[in-house]
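Text of the file final_31.tsv, holding TSV, C-alpha atoms:
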chain	number	residue	atom	x	y	z
A	1	MET	CA	-0.97	-16.42	-53.21
A	2	PRO	CA	1.56	-13.93	-51.80
A	3	THR	CA	0.37	-10.49	-50.76
A	4	PRO	CA	1.73	-7.48	-52.72
A	5	LEU	CA	4.20	-6.76	-49.92
A	6	GLN	CA	5.38	-10.35	-49.81
A	7	HIS	CA	5.85	-10.23	-53.58
A	8	LEU	CA	7.95	-7.05	-53.40
A	9	LYS	CA	10.03	-8.39	-50.52
A	10	LYS	CA	11.48	-10.98	-52.90
A	11	ASP	CA	13.66	-8.07	-54.04
A	12	PRO	CA	16.14	-7.73	-51.16
A	13	VAL	CA	16.60	-4.00	-51.80
A	14	LEU	CA	12.88	-3.36	-51.49
A	15	ALA	CA	12.65	-5.74	-48.54
A	16	ALA	CA	15.09	-3.52	-46.62
A	17	ILE	CA	13.15	-0.34	-47.49
A	18	ILE	CA	9.85	-1.95	-46.49
A	19	ALA	CA	11.37	-3.07	-43.20
A	20	GLN	CA	12.40	0.53	-42.51
A	21	TRP	CA	9.17	2.25	-43.52
A	22	GLY	CA	6.52	-0.29	-42.57
A	23	ASP	CA	2.97	-0.35	-43.90
A	24	TYR	CA	2.02	0.97	-47.31
A	25	ASN	CA	0.15	4.21	-46.75
A	26	ILE	CA	-0.33	5.95	-50.09
A	27	ARG	CA	-2.71	8.92	-50.01
A	28	TYR	CA	-5.15	9.20	-52.88
A	29	ARG	CA	-7.07	12.08	-54.45
A	30	PRO	CA	-10.34	11.85	-56.38
A	31	PRO	CA	-9.80	11.46	-60.17
A	32	THR	CA	-11.23	14.87	-61.02
A	33	PHE	CA	-10.62	17.99	-63.06
A	34	GLU	CA	-9.35	19.62	-59.87
A	35	ALA	CA	-6.66	16.96	-59.41
A	36	VAL	CA	-5.19	17.66	-62.85
A	37	VAL	CA	-5.31	21.43	-62.32
A	38	ARG	CA	-3.34	20.86	-59.12
A	39	SER	CA	-0.81	18.74	-61.02
A	40	ILE	CA	-0.30	21.46	-63.65
A	41	VAL	CA	0.19	24.10	-60.97
A	42	SER	CA	2.71	21.81	-59.23
A	43	GLN	CA	4.92	21.18	-62.25
A	44	GLN	CA	8.58	22.04	-61.50
A	45	LEU	CA	7.74	23.66	-58.14
A	46	SER	CA	8.44	22.66	-54.56
A	47	GLY	CA	5.49	21.31	-52.64
A	48	LYS	CA	5.29	24.49	-50.54
A	49	ALA	CA	5.34	26.88	-53.51
A	50	ALA	CA	2.77	24.78	-55.37
A	51	ALA	CA	0.45	24.71	-52.36
A	52	THR	CA	0.67	28.49	-51.99
A	53	ILE	CA	-0.20	29.18	-55.63
A	54	TYR	CA	-2.93	26.55	-55.70
A	55	GLY	CA	-4.43	28.08	-52.56
A	56	ARG	CA	-4.55	31.47	-54.27
A	57	LEU	CA	-6.20	29.90	-57.30
A	58	GLU	CA	-8.83	28.24	-55.11
A	59	GLY	CA	-9.53	31.60	-53.52
A	60	ALA	CA	-9.94	33.31	-56.89
A	61	VAL	CA	-12.55	30.97	-58.39
A	62	GLU	CA	-16.14	30.41	-57.33
A	63	ALA	CA	-15.55	26.68	-57.81
A	64	MET	CA	-12.66	24.62	-59.17
A	65	THR	CA	-14.53	23.75	-62.35
A	66	PRO	CA	-13.87	24.42	-66.04
A	67	GLU	CA	-16.28	27.36	-65.88
A	68	GLY	CA	-14.55	28.71	-62.78
A	69	ILE	CA	-11.14	28.63	-64.45
A	70	LEU	CA	-12.40	30.10	-67.74
A	71	ALA	CA	-13.97	33.01	-65.86
A	72	LEU	CA	-10.42	34.14	-64.95
A	73	GLU	CA	-8.45	36.08	-67.55
A	74	THR	CA	-4.87	35.05	-68.23
A	75	ALA	CA	-3.66	38.25	-66.57
A	76	ARG	CA	-5.48	37.28	-63.36
A	77	LEU	CA	-3.94	33.80	-63.45
A	78	ARG	CA	-0.53	35.45	-63.80
A	79	GLU	CA	-1.24	37.66	-60.78
A	80	ILE	CA	-2.05	34.54	-58.76
A	81	GLY	CA	1.40	33.19	-59.57
A	82	LEU	CA	0.98	30.93	-62.59
A	83	SER	CA	3.47	31.34	-65.40
A	84	GLY	CA	2.11	32.34	-68.78
A	85	GLN	CA	2.55	28.75	-69.93
A	86	LYS	CA	0.73	27.25	-66.96
A	87	ALA	CA	-2.09	29.76	-67.35
A	88	SER	CA	-2.53	28.59	-70.94
A	89	TYR	CA	-2.37	24.95	-69.83
A	90	VAL	CA	-5.10	25.22	-67.19
A	91	ARG	CA	-7.30	27.20	-69.58
A	92	ASP	CA	-6.79	24.56	-72.30
A	93	LEU	CA	-7.71	21.82	-69.83
A	94	ALA	CA	-10.80	23.77	-68.79
A	95	GLU	CA	-11.88	24.40	-72.38
A	96	LYS	CA	-11.39	20.77	-73.43
A	97	THR	CA	-13.24	19.54	-70.34
A	98	ARG	CA	-16.12	21.94	-70.91
A	99	THR	CA	-16.53	20.79	-74.52
A	100	GLY	CA	-16.26	17.11	-73.58
A	101	ALA	CA	-12.99	16.53	-75.43
A	102	VAL	CA	-11.64	15.52	-72.00
A	103	ASP	CA	-14.10	13.32	-70.14
A	104	PHE	CA	-13.17	12.67	-66.52
A	105	GLU	CA	-16.13	10.35	-65.99
A	106	ALA	CA	-14.80	8.03	-68.70
A	107	LEU	CA	-11.25	7.81	-67.36
A	108	PRO	CA	-11.79	5.11	-64.68
A	109	SER	CA	-12.96	2.63	-67.32
A	110	MET	CA	-9.97	3.26	-69.63
A	111	ASP	CA	-6.71	1.32	-69.50
A	112	ASP	CA	-3.52	3.18	-68.57
A	113	GLU	CA	-2.37	3.84	-72.14
A	114	ALA	CA	-5.79	5.19	-73.12
A	115	VAL	CA	-5.78	7.56	-70.12
A	116	ILE	CA	-2.32	8.79	-71.13
A	117	ALA	CA	-3.44	9.39	-74.71
A	118	HIS	CA	-6.62	11.13	-73.57
A	119	LEU	CA	-5.01	13.58	-71.15
A	120	THR	CA	-1.80	14.34	-73.06
A	121	ALA	CA	-4.01	15.90	-75.74
A	122	VAL	CA	-4.16	18.87	-73.36
A	123	LYS	CA	-1.40	21.47	-73.72
A	124	GLY	CA	1.21	21.14	-71.01
A	125	ILE	CA	0.18	17.69	-69.80
A	126	GLY	CA	2.91	15.16	-70.40
A	127	VAL	CA	3.23	11.49	-69.66
A	128	TRP	CA	4.70	12.09	-66.16
A	129	THR	CA	1.72	14.20	-65.08
A	130	VAL	CA	-0.71	11.54	-66.28
A	131	GLN	CA	1.27	8.80	-64.56
A	132	MET	CA	0.95	10.69	-61.26
A	133	PHE	CA	-2.80	10.91	-61.94
A	134	LEU	CA	-2.91	7.17	-62.64
A	135	MET	CA	-1.10	6.38	-59.39
A	136	PHE	CA	-2.59	8.89	-56.97
A	137	ALA	CA	-6.08	9.47	-58.39
A	138	LEU	CA	-7.10	6.44	-60.46
A	139	ARG	CA	-5.29	4.10	-58.03
A	140	ARG	CA	-3.60	2.07	-60.74
A	141	GLU	CA	-1.32	-0.51	-59.17
A	142	ASP	CA	1.32	-1.12	-61.82
A	143	VAL	CA	2.70	2.26	-62.94
A	144	LEU	CA	6.42	2.94	-63.37
A	145	PRO	CA	7.12	6.66	-64.03
A	146	VAL	CA	10.52	6.35	-65.71
A	147	ALA	CA	10.90	10.14	-66.05
A	148	ASP	CA	10.47	10.78	-62.33
A	149	LEU	CA	13.70	12.16	-60.87
A	150	GLY	CA	12.88	10.85	-57.40
A	151	ILE	CA	12.47	7.28	-58.63
A	152	ARG	CA	15.64	7.52	-60.71
A	153	THR	CA	17.59	8.94	-57.76
A	154	ALA	CA	16.27	6.28	-55.38
A	155	MET	CA	17.13	3.49	-57.82
A	156	LYS	CA	20.67	4.86	-58.27
A	157	ARG	CA	21.17	5.08	-54.52
A	158	GLN	CA	19.48	1.84	-53.47
A	159	TYR	CA	20.79	-0.37	-56.27
A	160	GLY	CA	24.35	1.02	-56.24
A	161	LEU	CA	24.25	2.31	-59.81
A	162	ALA	CA	27.04	4.46	-61.19
A	163	GLU	CA	24.63	7.02	-62.63
A	164	LEU	CA	20.94	7.80	-62.83
A	165	PRO	CA	19.28	4.88	-64.65
A	166	LYS	CA	17.77	5.29	-68.08
A	167	PRO	CA	14.24	3.99	-68.77
A	168	GLU	CA	15.44	0.63	-70.10
A	169	GLU	CA	17.44	-0.11	-66.96
A	170	MET	CA	14.58	1.04	-64.74
A	171	GLN	CA	12.19	-1.28	-66.55
A	172	ARG	CA	14.62	-4.15	-66.18
A	173	ILE	CA	14.99	-3.61	-62.42
A	174	ALA	CA	11.23	-3.14	-61.99
A	175	GLU	CA	10.18	-6.17	-64.02
A	176	ALA	CA	10.22	-8.34	-60.90
A	177	TRP	CA	7.86	-5.93	-59.15
A	178	ARG	CA	4.97	-6.45	-61.56
A	179	PRO	CA	2.01	-6.11	-61.02
A	180	HIS	CA	2.77	-3.87	-58.01
A	181	ARG	CA	5.16	-1.28	-59.43
A	182	THR	CA	3.15	1.64	-57.98
A	183	MET	CA	3.66	0.27	-54.47
A	184	ALA	CA	7.36	-0.26	-55.15
A	185	CYS	CA	7.69	3.34	-56.36
A	186	TRP	CA	5.98	4.62	-53.21
A	187	TYR	CA	8.61	2.84	-51.12
A	188	LEU	CA	11.40	4.22	-53.31
A	189	TRP	CA	10.08	7.75	-52.75
A	190	ARG	CA	9.95	7.03	-49.03
A	191	SER	CA	13.55	5.86	-49.12
A	192	LEU	CA	14.52	9.41	-50.08
A	193	ASP	CA	12.57	10.68	-47.07
A	194	ASN	CA	11.14	13.28	-49.42
A	195	MET	CA	7.40	13.17	-49.25
A	196	GLY	CA	6.80	16.92	-49.45
A	197	GLY	CA	5.94	17.06	-53.14
A	198	ALA	CA	2.45	18.14	-54.16
A	199	GLU	CA	1.69	14.76	-55.68
A	200	LEU	CA	2.80	12.82	-52.63
A	201	GLY	CA	1.44	14.98	-49.85
Would it be possible to restate this file's structure as structure tokens?
Amino acid sequence: MPTPLQHLKKDPVLAAIIAQWGDYNIRYRPPTFEAVVRSIVSQQLSGKAAATIYGRLEGAVEAMTPEGILALETARLREIGLSGQKASYVRDLAEKTRTGAVDFEALPSMDDEAVIAHLTAVKGIGVWTVQMFLMFALRREDVLPVADLGIRTAMKRQYGLAELPKPEEMQRIAEAWRPHRTMACWYLWRSLDNMGGAELG
């Protein structure tokens, strides 16, 4: 039985990237309420800006819990640096978690599609955010985030495509990577030498 790396090396493009970057060294976070708050804060921001705002948020709450977030008024969240939309998103996540509509303890036992359905019920959480949670918190091994600009850019560059690939083309290229598409994506991100994002740091 080939190892995951041996399996991915059957793709000569990935084999070259793996040879350059060496061992797989993904860094995980616990699959918690805090991880999703961090993801919301990080949306459409550089890693540095996201870290600064998240640090302010940590300093403003007694604990990074639903109750801690809900104790902050929207105006205070805006002062910290969250947009009005993001303030409403983190408050909606906190409210749904407090009432049990979002159940973080149940997520590890759900399949990927069920996790996506569960978390996208929260305002401001889209499929991409949940896919990052699946990869970096729940440690799911076969996730392909087709909306991720980094993955699309790496595929265009590494596979000599004329333009950024659409989801169908990405799925076709990635079919041979199953069931290790998360690992393949990690190497594609590395190929951009751009590991500063909040989700990848």
Each residue of region 37-99 of chain A lying at most 12 Å from region 133-136 of chain A should get a row with its shortest atom-to-atom pair and the distance in Å to one decimal, counting only C-alpha atoms; could you produce that, ordered by chain and increasing number, as CSV?
residue,atom,partner,partner_atom,distance
A:Val37,CA,A:Phe133,CA,10.8
A:Arg38,CA,A:Phe133,CA,10.4
A:Ser39,CA,A:Phe133,CA,8.1
A:Ile40,CA,A:Phe133,CA,11.0
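Taking all atoms listed in the file into account, Asp112 (chain A) lies nearest to A:Gln131 out of the set A:Thr182, A:Gln131, A:Thr3, A:Thr74.
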message: Quick one: residues within 10 Å of Pro179 (chain A), all atoms listed in the file, excluding same-chain residues fewer than 4 positions away - as an NGL selection string?
response: :A and (4 or 7-8 or 140-143 or 174-175 or 183-184)
Counting all atoms listed in the file, which residues of region 12-36 of chain A fall within 12 Å of region 151-173 of chain A, and what is the closest atom pair for each with its distance in Å at one decimal, ordered by chain and rising number, as JSON lines?
{"residue": "A:Pro12", "atom": "CA", "partner": "A:Tyr159", "partner_atom": "CA", "distance": 10.1}
{"residue": "A:Val13", "atom": "CA", "partner": "A:Gln158", "partner_atom": "CA", "distance": 6.7}
{"residue": "A:Leu14", "atom": "CA", "partner": "A:Gln158", "partner_atom": "CA", "distance": 8.6}
{"residue": "A:Ala15", "atom": "CA", "partner": "A:Gln158", "partner_atom": "CA", "distance": 11.3}
{"residue": "A:Ala16", "atom": "CA", "partner": "A:Gln158", "partner_atom": "CA", "distance": 9.7}
{"residue": "A:Ile17", "atom": "CA", "partner": "A:Gln158", "partner_atom": "CA", "distance": 9.0}
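When all atoms listed in the file are used to compute distances to Gln6 (chain A), the closest of the residues A:Thr129, A:Glu73, A:Ala137, A:Trp177 turns out to be A:Trp177.
Between CA of Val122 (chain A) and CA of Val36 (chain A) the interatomic distance comes to 10.6 Å.
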- prompt: Which one of A:Ala19, A:Ala114, A:Val102, A:Met132 sits closest to Gln43 (chain A) if you count all atoms listed in the file?
  reply: A:Met132
task: Go through A:Ile116, A:Gly150, A:Glu95, A:Ser88 one by one, measure the shortest atom-to-atom distance of each to Leu138 (chain A) using all atoms listed in the file, and give the residue with the smallest value.
output: A:Ile116
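Between CA of Asp111 (chain A) and CA of Met1 (chain A) lies a distance of 24.8 Å.
Here CA of Gln44 (chain A) and CA of Leu188 (chain A) stand 19.8 Å from one another.
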task: Kindly indicate which residue among A:Thr65, A:Ala35, A:Tyr24, A:Val90 lies nearest to Val130 (chain A), using all atoms listed in the file for the distances.
output: A:Ala35
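Residue nearest Arg78 (chain A) within the list A:Leu93, A:Ile53, A:Gly59, A:Arg29: A:Ile53 [criterion: smallest interatomic distance, only C-alpha atoms].
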query: Quick one: residues within 12 Å of His118 (chain A), only C-alpha atoms counted, chain neighbours fewer than 3 positions away excluded, as a ChimeraX atom specification?
result: /A:93,96-97,100-104,106-108,110-115,121-123,125-127,130
